[in-house]
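Participant: Structure: work17.cif, mmCIF, C-alpha atoms.
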data_coords
#
loop_
_atom_site.label_atom_id
_atom_site.label_comp_id
_atom_site.auth_asym_id
_atom_site.auth_seq_id
_atom_site.Cartn_x
_atom_site.Cartn_y
_atom_site.Cartn_z
CA MET A 1 2.97 -8.91 19.05
CA PRO A 2 5.90 -7.28 20.89
CA GLU A 3 4.95 -4.87 23.67
CA ALA A 4 6.49 -1.88 21.89
CA THR A 5 6.16 -1.83 18.13
CA VAL A 6 7.63 0.44 15.49
CA ALA A 7 5.51 0.89 12.36
CA LEU A 8 6.77 2.46 9.16
CA VAL A 9 4.19 3.82 6.71
CA THR A 10 5.07 5.12 3.26
CA GLY A 11 2.93 7.73 1.53
CA ALA A 12 1.99 8.92 5.00
CA SER A 13 1.61 12.64 4.35
CA LYS A 14 -1.78 12.33 2.63
CA GLY A 15 -4.64 10.06 1.66
CA LEU A 16 -4.80 6.49 2.87
CA GLY A 17 -1.24 6.48 4.15
CA ARG A 18 -2.11 9.36 6.48
CA GLU A 19 -5.21 7.54 7.74
CA ILE A 20 -3.15 4.41 8.44
CA ALA A 21 -0.42 6.36 10.23
CA ILE A 22 -2.96 8.09 12.48
CA ALA A 23 -4.76 4.83 13.27
CA LEU A 24 -1.50 3.16 14.28
CA ALA A 25 -0.40 6.11 16.38
CA LYS A 26 -3.74 6.26 18.21
CA SER A 27 -3.34 2.56 19.01
CA GLY A 28 -0.05 3.19 20.77
CA HIS A 29 2.48 2.31 18.09
CA THR A 30 5.52 4.41 17.29
CA VAL A 31 4.91 5.50 13.72
CA LEU A 32 7.62 6.43 11.25
CA ALA A 33 5.83 8.42 8.56
CA VAL A 34 7.64 8.49 5.21
CA ALA A 35 6.74 10.83 2.36
CA ARG A 36 8.27 13.14 -0.23
CA SER A 37 6.43 16.17 1.17
CA GLN A 38 7.99 17.65 4.29
CA SER A 39 5.12 20.10 4.69
CA GLY A 40 2.63 17.22 4.66
CA LEU A 41 4.69 15.37 7.24
CA ASP A 42 4.90 18.48 9.44
CA SER A 43 1.11 18.79 9.39
CA LEU A 44 0.71 15.13 10.34
CA ILE A 45 3.24 15.35 13.16
CA ASN A 46 1.78 18.54 14.59
CA GLN A 47 -1.57 16.80 14.96
CA ASN A 48 -0.05 13.72 16.60
CA GLN A 49 2.88 15.00 18.62
CA GLY A 50 5.09 12.43 20.30
CA SER A 51 3.85 9.35 18.48
CA ILE A 52 4.69 10.06 14.83
CA PHE A 53 8.14 10.81 13.46
CA GLY A 54 8.57 12.13 9.93
CA TYR A 55 11.10 10.99 7.35
CA GLU A 56 11.31 12.77 4.03
CA ALA A 57 12.32 10.27 1.34
CA ASP A 58 11.54 9.25 -2.23
CA VAL A 59 10.70 5.56 -1.88
CA SER A 60 11.07 4.95 -5.62
CA GLU A 61 14.87 5.27 -5.30
CA TYR A 62 16.44 2.29 -3.54
CA ARG A 63 19.49 4.24 -2.40
CA ASN A 64 17.15 6.55 -0.50
CA ILE A 65 15.61 3.50 1.16
CA GLU A 66 19.01 2.19 2.20
CA ASP A 67 19.80 5.55 3.79
CA LEU A 68 16.37 5.63 5.41
CA ALA A 69 16.83 2.13 6.85
CA ALA A 70 20.18 3.10 8.39
CA ARG A 71 18.63 6.20 10.02
CA VAL A 72 15.65 4.24 11.31
CA ARG A 73 17.81 1.50 12.84
CA SER A 74 19.96 4.12 14.55
CA GLU A 75 17.05 6.16 15.90
CA HIS A 76 14.30 3.58 16.56
CA GLY A 77 15.70 0.07 16.16
CA ALA A 78 13.93 -2.60 14.15
CA VAL A 79 10.67 -1.98 12.30
CA GLN A 80 8.00 -4.57 13.09
CA ILE A 81 5.16 -3.23 10.93
CA LEU A 82 5.68 -2.05 7.36
CA VAL A 83 2.79 -0.54 5.41
CA ASN A 84 3.51 0.33 1.79
CA ALA A 85 0.80 2.91 1.07
CA ALA A 86 2.67 5.24 -1.31
CA GLY A 87 1.11 5.08 -4.74
CA VAL A 88 0.17 6.90 -7.92
CA PHE A 89 -2.40 6.03 -10.57
CA GLY A 90 -0.18 7.11 -13.42
CA PRO A 91 -1.25 7.69 -17.02
CA ILE A 92 -4.83 7.09 -18.10
CA ASP A 93 -4.51 6.50 -21.81
CA LEU A 94 -4.04 3.88 -24.48
CA ILE A 95 -0.63 2.24 -24.28
CA GLN A 96 0.57 3.71 -27.58
CA ASN A 97 -0.29 7.21 -26.34
CA THR A 98 1.20 7.00 -22.84
CA ASP A 99 4.28 8.88 -21.70
CA PRO A 100 6.96 6.20 -21.07
CA ASP A 101 8.48 8.15 -18.18
CA GLN A 102 5.11 8.37 -16.42
CA TRP A 103 4.40 4.70 -17.11
CA ALA A 104 7.75 3.62 -15.70
CA LYS A 105 7.39 5.95 -12.70
CA THR A 106 4.07 4.30 -11.86
CA VAL A 107 5.77 0.91 -11.72
CA LEU A 108 8.61 2.35 -9.67
CA ILE A 109 6.32 3.77 -6.99
CA ASP A 110 3.56 1.15 -6.93
CA LEU A 111 5.68 -2.00 -7.31
CA LEU A 112 9.39 -1.47 -6.88
CA ALA A 113 9.15 0.81 -3.84
CA PRO A 114 7.44 -1.94 -1.77
CA TYR A 115 10.20 -4.31 -2.89
CA PHE A 116 12.87 -1.80 -1.81
CA THR A 117 11.33 -1.23 1.62
CA THR A 118 10.67 -4.93 2.22
CA ARG A 119 14.25 -5.76 1.31
CA ALA A 120 15.49 -3.10 3.73
CA PHE A 121 13.32 -3.89 6.77
CA LEU A 122 12.43 -7.59 6.60
CA SER A 123 15.58 -8.89 8.31
CA GLY A 124 14.74 -7.08 11.56
CA MET A 125 11.30 -8.69 11.63
CA LEU A 126 12.73 -12.14 10.99
CA GLU A 127 15.24 -11.71 13.80
CA MET A 128 12.40 -10.81 16.21
CA ARG A 129 10.24 -13.63 14.80
CA TRP A 130 7.29 -11.26 14.46
CA GLY A 131 6.29 -8.72 11.88
CA ARG A 132 3.65 -7.54 9.45
CA ILE A 133 4.14 -6.37 5.88
CA ILE A 134 0.99 -4.83 4.41
CA ASN A 135 0.99 -3.71 0.78
CA VAL A 136 -1.82 -1.47 -0.43
CA SER A 137 -3.15 -3.00 -3.63
CA SER A 138 -6.45 -2.38 -5.39
CA ALA A 139 -9.52 -4.16 -6.68
CA ALA A 140 -8.27 -2.94 -10.07
CA ALA A 141 -5.75 -5.78 -9.89
CA LEU A 142 -8.61 -8.30 -9.86
CA HIS A 143 -10.81 -6.73 -12.54
CA PRO A 144 -10.57 -8.02 -16.12
CA PRO A 145 -7.89 -6.05 -17.98
CA GLY A 146 -9.24 -3.06 -19.85
CA ALA A 147 -8.06 -0.04 -21.74
CA LEU A 148 -6.44 3.07 -20.25
CA ASN A 149 -4.93 1.90 -16.93
CA SER A 150 -2.17 -0.44 -18.05
CA ALA A 151 0.51 1.07 -15.79
CA TYR A 152 -1.54 1.02 -12.58
CA GLY A 153 -3.22 -2.32 -13.26
CA THR A 154 0.05 -4.04 -14.17
CA SER A 155 1.79 -2.60 -11.10
CA LYS A 156 -0.89 -3.80 -8.69
CA VAL A 157 -1.13 -7.28 -10.22
CA ALA A 158 2.64 -7.56 -9.91
CA LEU A 159 2.50 -6.24 -6.34
CA ASN A 160 0.03 -9.01 -5.49
CA GLN A 161 2.39 -11.62 -6.92
CA LEU A 162 5.43 -10.10 -5.20
CA THR A 163 3.56 -10.30 -1.89
CA ARG A 164 2.66 -13.94 -2.51
CA HIS A 165 6.29 -14.80 -3.24
CA LEU A 166 7.32 -13.00 -0.06
CA ALA A 167 4.64 -14.81 1.93
CA ALA A 168 5.94 -18.15 0.68
CA GLU A 169 9.50 -17.25 1.69
CA ILE A 170 8.59 -16.19 5.25
CA SER A 171 5.92 -18.81 5.97
CA GLY A 172 6.22 -20.06 9.56
CA SER A 173 8.63 -17.31 10.59
CA GLY A 174 6.16 -15.26 12.64
CA VAL A 175 6.18 -12.59 9.93
CA THR A 176 3.30 -12.29 7.47
CA ALA A 177 2.78 -10.42 4.21
CA ASN A 178 -0.60 -9.52 2.75
CA VAL A 179 -2.15 -7.09 0.27
CA ILE A 180 -5.26 -5.05 0.90
CA HIS A 181 -7.95 -3.25 -1.07
CA PRO A 182 -8.50 -0.05 0.93
CA GLY A 183 -11.86 0.81 -0.60
CA ASP A 184 -13.11 3.31 -3.16
CA VAL A 185 -12.15 6.51 -1.39
CA GLN A 186 -12.24 10.20 -2.35
CA THR A 187 -8.52 10.81 -2.02
CA GLN A 188 -6.17 12.96 -4.06
CA MET A 189 -5.68 9.97 -6.34
CA TRP A 190 -9.44 9.92 -6.95
CA ALA A 191 -9.31 13.62 -7.85
CA ASP A 192 -6.39 12.97 -10.20
CA ILE A 193 -8.32 10.20 -11.97
CA LYS A 194 -11.34 12.50 -12.27
CA LYS A 195 -9.26 15.23 -13.92
CA LYS A 196 -7.55 12.86 -16.36
CA ALA A 197 -10.76 11.00 -17.27
CA LEU A 198 -12.65 14.21 -18.00
CA ALA A 199 -9.81 15.42 -20.22
CA LEU A 200 -10.19 12.27 -22.36
CA GLY A 201 -13.86 12.92 -23.08
CA ASP A 202 -15.80 9.89 -24.34
CA VAL A 203 -12.66 7.71 -24.27
CA GLY A 204 -12.51 8.13 -20.49
CA SER A 205 -16.22 7.49 -19.91
CA ASP A 206 -15.68 4.32 -17.84
CA TYR A 207 -13.47 6.17 -15.38
CA THR A 208 -15.79 9.15 -15.33
CA ALA A 209 -18.61 6.76 -14.39
CA TRP A 210 -16.50 5.34 -11.54
CA VAL A 211 -15.57 8.81 -10.31
CA ASN A 212 -19.22 9.85 -10.35
CA TRP A 213 -20.27 6.67 -8.50
CA VAL A 214 -17.74 7.33 -5.74
CA GLU A 215 -18.87 10.96 -5.52
CA GLU A 216 -22.57 10.10 -5.44
CA THR A 217 -22.17 7.39 -2.78
CA GLY A 218 -19.65 9.36 -0.78
CA GLY A 219 -17.15 6.56 -1.25
CA ASP A 220 -15.84 4.20 1.38
CA ASP A 221 -15.01 5.65 4.78
CA PRO A 222 -11.20 6.12 4.73
CA LYS A 223 -11.03 5.24 8.43
CA ARG A 224 -11.87 1.65 7.54
CA VAL A 225 -8.45 1.12 6.00
CA GLY A 226 -6.91 2.00 9.36
CA GLU A 227 -9.26 -0.43 11.07
CA LEU A 228 -8.21 -3.17 8.64
CA VAL A 229 -4.52 -2.56 9.30
CA LEU A 230 -5.11 -2.77 13.06
CA GLU A 231 -6.96 -6.04 12.53
CA ILE A 232 -4.13 -7.48 10.45
CA ILE A 233 -1.51 -6.72 13.10
CA SER A 234 -3.62 -8.31 15.84
CA SER A 235 -3.27 -11.91 17.00
CA SER A 236 -6.41 -12.82 15.04
CA HIS A 237 -4.31 -12.60 11.86
CA ASP A 238 -1.20 -14.44 13.07
CA TYR A 239 -1.66 -17.17 10.46
CA ILE A 240 -3.13 -15.15 7.59
CA ASN A 241 -0.35 -14.87 5.05
CA GLY A 242 -0.23 -14.19 1.34
CA ARG A 243 -3.85 -13.06 1.10
CA PHE A 244 -5.84 -10.28 -0.53
CA LEU A 245 -7.82 -8.63 2.28
CA TRP A 246 -10.74 -6.19 2.11
CA ILE A 247 -12.03 -3.46 4.37
CA ARG A 248 -15.23 -4.11 6.32
CA GLU A 249 -18.45 -3.69 4.30
CA PRO A 250 -16.92 -2.10 1.19
CA LEU A 251 -19.09 -0.36 -1.39
CA GLN A 252 -17.56 -2.64 -4.00
CA ALA A 253 -18.34 -6.26 -3.14
CA PRO A 254 -15.18 -8.33 -2.56
CA ILE A 255 -13.87 -10.06 -5.67
CA PRO A 256 -12.30 -13.54 -5.46
CA SER A 257 -8.51 -13.27 -5.67
CA TRP A 258 -6.66 -16.59 -5.69
CA ASP A 259 -7.19 -20.08 -4.37
CA ASP A 260 -4.80 -22.03 -2.21
CA PRO A 261 -1.94 -23.17 -4.44
CA VAL A 262 -1.93 -26.71 -5.79
CA ASP A 263 1.56 -27.86 -6.74
CA SER A 264 1.20 -29.97 -9.86
CA ARG A 265 4.65 -29.47 -11.34
CA PRO A 266 5.74 -32.75 -12.96
CA TRP A 267 9.22 -32.64 -11.45
CA SER A 268 7.99 -32.23 -7.88
#
Could you spell out this file's structure in structure tokens?

Facilitator:
Amino acid sequence: MPEATVALVTGASKGLGREIAIALAKSGHTVLAVARSQSGLDSLINQNQGSIFGYEADVSEYRNIEDLAARVRSEHGAVQILVNAAGVFGPIDLIQNTDPDQWAKTVLIDLLAPYFTTRAFLSGMLEMRWGRIINVSSAAALHPPGALNSAYGTSKVALNQLTRHLAAEISGSGVTANVIHPGDVQTQMWADIKKKALALGDVGSDYTAWVNWVEETGGDDPKRVGELVLEIISSSHDYINGRFLWIREPLQAPIPSWDDPVDSRPWS
């Protein structure tokens, strides 16, 4: 790891993104906190003066990311650590009843935004021959497909695959790309799921049960996601690439993700 590292965290004004930004700042990294809410960024910066710099941007619009990348290069140089934590759960409903704009927006934020940021910041990591790209996924991407969460589930499965493609491209470069399950945490997303599930009544009973389970157990400690990110950027994870990684001792037991690839294509 370079002596001085610049870390960019999306969705940093609240929830898990905020926890990750704080953990990185406390560990001595220069943190570029990106979010749509300037007030949320101001609150974060005021609590961590001197180590966190706020950037207001909508990461679901690639032109905003291009402008952001130009500003960051001018003001801080290359980004070595990129954490894509911005996310929404989107519509909880049967596919035929979902709002297409909300469905598409979920894919934009949960899948395309990490693509946009990776595209913008990867070259600097490759030039330095060191970097970490960490995409916040979810155990929902590993569960059997079910009703009601098609937008979120599809986005996270695709994010996993995008990360694996990226990992294959950068293998051996000194840069790694992985996805993480941050735990079952009582964030604003959890509260949003609770509200939407209750509004569905019996149809949303599975989600209501999950919400209640998280509430009754207290959920996973959100600080563990920061601990996992710090572990990933350490030398212990120099050769861990293209993996689905879990927080320490999660409430939800880790689910197998994917095996090492076996190339059996007949033309190979």

Participant: Taking 4 positions as the minimum chain separation for residues in the same chain, which residues sit within 12 Å of Arg71 of chain A when counting only C-alpha atoms? Answer as a ChimeraX atom specification.

Facilitator: /A:32,53-57,64-67,75-79,120-121

Participant: Suppose a student applies the PyMOL selection byres ((chain A and resi 29) around 10) to this structure; what residues should they get, written as a VMD selection string?

Facilitator: chain A and resid 3 to 8 21 to 28 30 to 32 51 to 52 81

Participant: Using all atoms listed in the file, which of the listed residues (A:Gly131, A:Gly218, A:Gly153, A:Pro2) sits closest to Asp110 of chain A?

Facilitator: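 The closest residue to Asp110 of chain A is A:Gly153.
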
Participant: Tell me which residues the PyMOL selection byres ((chain A and resi 234) around 12) grabs here, as a VMD selection string.

Facilitator: chain A and resid 1 to 2 5 24 27 81 130 to 132 176 227 to 233 235 to 240

Participant: For the selection just defined, write its residues with C-alpha atoms to a file, as a short mmCIF file (atom, residue, chain, number, x, y, z; two decimals), in the frame of the given file.

Facilitator:
data_model
loop_
_atom_site.label_atom_id
_atom_site.label_comp_id
_atom_site.auth_asym_id
_atom_site.auth_seq_id
_atom_site.Cartn_x
_atom_site.Cartn_y
_atom_site.Cartn_z
CA MET A 1 2.97 -8.91 19.05
CA PRO A 2 5.90 -7.28 20.89
CA THR A 5 6.16 -1.83 18.13
CA LEU A 24 -1.50 3.16 14.28
CA SER A 27 -3.34 2.56 19.01
CA ILE A 81 5.16 -3.23 10.93
CA TRP A 130 7.29 -11.26 14.46
CA GLY A 131 6.29 -8.72 11.88
CA ARG A 132 3.65 -7.54 9.45
CA THR A 176 3.30 -12.29 7.47
CA GLU A 227 -9.26 -0.43 11.07
CA LEU A 228 -8.21 -3.17 8.64
CA VAL A 229 -4.52 -2.56 9.30
CA LEU A 230 -5.11 -2.77 13.06
CA GLU A 231 -6.96 -6.04 12.53
CA ILE A 232 -4.13 -7.48 10.45
CA ILE A 233 -1.51 -6.72 13.10
CA SER A 235 -3.27 -11.91 17.00
CA SER A 236 -6.41 -12.82 15.04
CA HIS A 237 -4.31 -12.60 11.86
CA ASP A 238 -1.20 -14.44 13.07
CA TYR A 239 -1.66 -17.17 10.46
CA ILE A 240 -3.13 -15.15 7.59
#

Participant: What is the distance, in Å and to one decimal place, between atom CA of Gly124 of chain A and atom CA of Ala33 of chain A?

Facilitator: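 Going from atom CA of Gly124 of chain A over to atom CA of Ala33 of chain A, I get 18.1 Å.
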
Participant: Since I can't run it myself right now, could you work out what the PyMOL selection byres ((chain A and resi 155) around 8) selects here and report it as a PyMOL selection string?

Facilitator: chain A and resi 106-107+110-111+151-154+156-159

Participant: Restricting the calculation to all atoms listed in the file: of A:Val262, A:Val88, A:Ile193, A:Leu245, which residue gets closest to Asp206 of chain A?

Facilitator: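 Once distances to Asp206 of chain A are computed over all atoms listed in the file, the minimum belongs to A:Ile193.
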
Participant: Record the distance separating atom CA of Ala70 of chain A and atom CA of Ala86 of chain A, expressed in Å with one decimal.

Facilitator: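 Between these atoms lies a distance of 20.1 Å.
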
Participant: What separation in Å, quoted to one decimal, exists between atom CA of Asp42 of chain A and atom CA of Asp58 of chain A?

Facilitator: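 Atom-to-atom, atom CA of Asp42 of chain A to atom CA of Asp58 of chain A, that is 16.3 Å.
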
Participant: Can you tell me, as a PyMOL selection string, what residues are no more than 10 Å from Lys195 of chain A when counting all atoms listed in the file, ignoring any on the same chain fewer than 6 positions away?

Facilitator: chain A and resi 189+208+211

Participant: Using all atoms listed in the file, find the one residue out of A:Asn97, A:Ser37, A:Asn160, A:Ser74 that sits nearest to Ser137 of chain A.

Facilitator: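 Ranking A:Asn97, A:Ser37, A:Asn160, A:Ser74 by distance to Ser137 of chain A, first place goes to A:Asn160.
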
Participant: Calculated over only C-alpha atoms, which of the candidates A:Ile95, A:Val225, A:Leu82, A:Val59 has the smallest distance to Gly146 of chain A?

Facilitator: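 Ranking A:Ile95, A:Val225, A:Leu82, A:Val59 by distance to Gly146 of chain A, first place goes to A:Ile95.
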
Participant: Can you work out which one of A:Asn178, A:Ser150, A:Ser138, A:Ser60 has the shortest atom-to-atom distance to Gly242 of chain A, counting all atoms listed in the file?

Facilitator: A:Asn178

Participant: If you count all atoms listed in the file, which residues fall within 7 Å of Glu19 of chain A, apart from same-chain ones fewer than 3 positions away, as a list of chain:residue names?

Facilitator: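 My reading of the contact set: A:Gly15, A:Leu16, A:Ile22, A:Ala23, A:Pro222, A:Lys223, A:Gly226.
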
Participant: Can you work out which one of A:Ala12, A:Ile134, A:Ala69, A:Ile255 has the shortest atom-to-atom distance to Ser43 of chain A, counting all atoms listed in the file?

Facilitator: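 Of the candidates, the smallest distance to Ser43 of chain A is held by A:Ala12.
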
Participant: Give me, as a list in words, all polymer residues having an atom no more than 7 Å from Val185 of chain A, counting all atoms listed in the file and skipping those fewer than 6 positions away in the same chain.

Facilitator: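 Once the nearby chain positions are removed, what remains is Gly219, Asp220, Asp221 and Pro222 of chain A.
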
Participant: Can you tell me which residues surround Thr98 of chain A at a distance of at most 12 Å, considering only C-alpha atoms, apart from same-chain residues fewer than 6 positions away, and format the answer as a list in words?

Facilitator: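 Result of the neighbour search: Gly90, Pro91, Ile92, Ala104, Lys105, Thr106, Ala147, Leu148, Asn149, Ser150 and Ala151 of chain A.
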
Participant: Kindly complete segment 241-256 of chain A to N, CA and C atoms; the output should be written as a PDB file, in the coordinates of the input.

Facilitator:
ATOM      1  N   ASN A 241      -1.580 -15.205   5.753  1.00  0.00           N
ATOM      2  CA  ASN A 241      -0.350 -14.870   5.050  1.00  0.00           C
ATOM      3  C   ASN A 241      -0.550 -15.064   3.555  1.00  0.00           C
ATOM      4  N   GLY A 242      -0.122 -14.075   2.784  1.00  0.00           N
ATOM      5  CA  GLY A 242      -0.230 -14.190   1.340  1.00  0.00           C
ATOM      6  C   GLY A 242      -1.636 -14.040   0.813  1.00  0.00           C
ATOM      7  N   ARG A 243      -2.432 -13.205   1.466  1.00  0.00           N
ATOM      8  CA  ARG A 243      -3.850 -13.060   1.100  1.00  0.00           C
ATOM      9  C   ARG A 243      -4.162 -11.653   0.603  1.00  0.00           C
ATOM     10  N   PHE A 244      -5.285 -11.551  -0.086  1.00  0.00           N
ATOM     11  CA  PHE A 244      -5.840 -10.280  -0.530  1.00  0.00           C
ATOM     12  C   PHE A 244      -6.999  -9.962   0.411  1.00  0.00           C
ATOM     13  N   LEU A 245      -6.868  -8.919   1.211  1.00  0.00           N
ATOM     14  CA  LEU A 245      -7.820  -8.630   2.280  1.00  0.00           C
ATOM     15  C   LEU A 245      -8.578  -7.331   1.993  1.00  0.00           C
ATOM     16  N   TRP A 246      -9.841  -7.310   2.402  1.00  0.00           N
ATOM     17  CA  TRP A 246     -10.740  -6.190   2.110  1.00  0.00           C
ATOM     18  C   TRP A 246     -11.150  -5.475   3.386  1.00  0.00           C
ATOM     19  N   ILE A 247     -11.477  -4.199   3.248  1.00  0.00           N
ATOM     20  CA  ILE A 247     -12.030  -3.460   4.370  1.00  0.00           C
ATOM     21  C   ILE A 247     -13.422  -4.016   4.709  1.00  0.00           C
ATOM     22  N   ARG A 248     -13.910  -3.652   5.876  1.00  0.00           N
ATOM     23  CA  ARG A 248     -15.230  -4.110   6.320  1.00  0.00           C
ATOM     24  C   ARG A 248     -16.325  -3.405   5.501  1.00  0.00           C
ATOM     25  N   GLU A 249     -17.273  -4.184   5.015  1.00  0.00           N
ATOM     26  CA  GLU A 249     -18.450  -3.690   4.300  1.00  0.00           C
ATOM     27  C   GLU A 249     -18.096  -2.665   3.213  1.00  0.00           C
ATOM     28  N   PRO A 250     -17.293  -3.046   2.247  1.00  0.00           N
ATOM     29  CA  PRO A 250     -16.920  -2.100   1.190  1.00  0.00           C
ATOM     30  C   PRO A 250     -18.085  -1.839   0.237  1.00  0.00           C
ATOM     31  N   LEU A 251     -18.080  -0.675  -0.383  1.00  0.00           N
ATOM     32  CA  LEU A 251     -19.090  -0.360  -1.390  1.00  0.00           C
ATOM     33  C   LEU A 251     -19.006  -1.342  -2.557  1.00  0.00           C
ATOM     34  N   GLN A 252     -17.798  -1.679  -2.933  1.00  0.00           N
ATOM     35  CA  GLN A 252     -17.560  -2.640  -4.000  1.00  0.00           C
ATOM     36  C   GLN A 252     -17.445  -4.031  -3.378  1.00  0.00           C
ATOM     37  N   ALA A 253     -18.345  -4.925  -3.733  1.00  0.00           N
ATOM     38  CA  ALA A 253     -18.340  -6.260  -3.140  1.00  0.00           C
ATOM     39  C   ALA A 253     -17.006  -6.949  -3.386  1.00  0.00           C
ATOM     40  N   PRO A 254     -16.470  -7.647  -2.386  1.00  0.00           N
ATOM     41  CA  PRO A 254     -15.180  -8.330  -2.560  1.00  0.00           C
ATOM     42  C   PRO A 254     -15.170  -9.261  -3.756  1.00  0.00           C
ATOM     43  N   ILE A 255     -14.075  -9.245  -4.473  1.00  0.00           N
ATOM     44  CA  ILE A 255     -13.870 -10.060  -5.670  1.00  0.00           C
ATOM     45  C   ILE A 255     -12.937 -11.212  -5.303  1.00  0.00           C
ATOM     46  N   PRO A 256     -13.229 -12.431  -5.738  1.00  0.00           N
ATOM     47  CA  PRO A 256     -12.300 -13.540  -5.460  1.00  0.00           C
ATOM     48  C   PRO A 256     -10.907 -13.228  -6.001  1.00  0.00           C
TER      49      PRO A 256
END
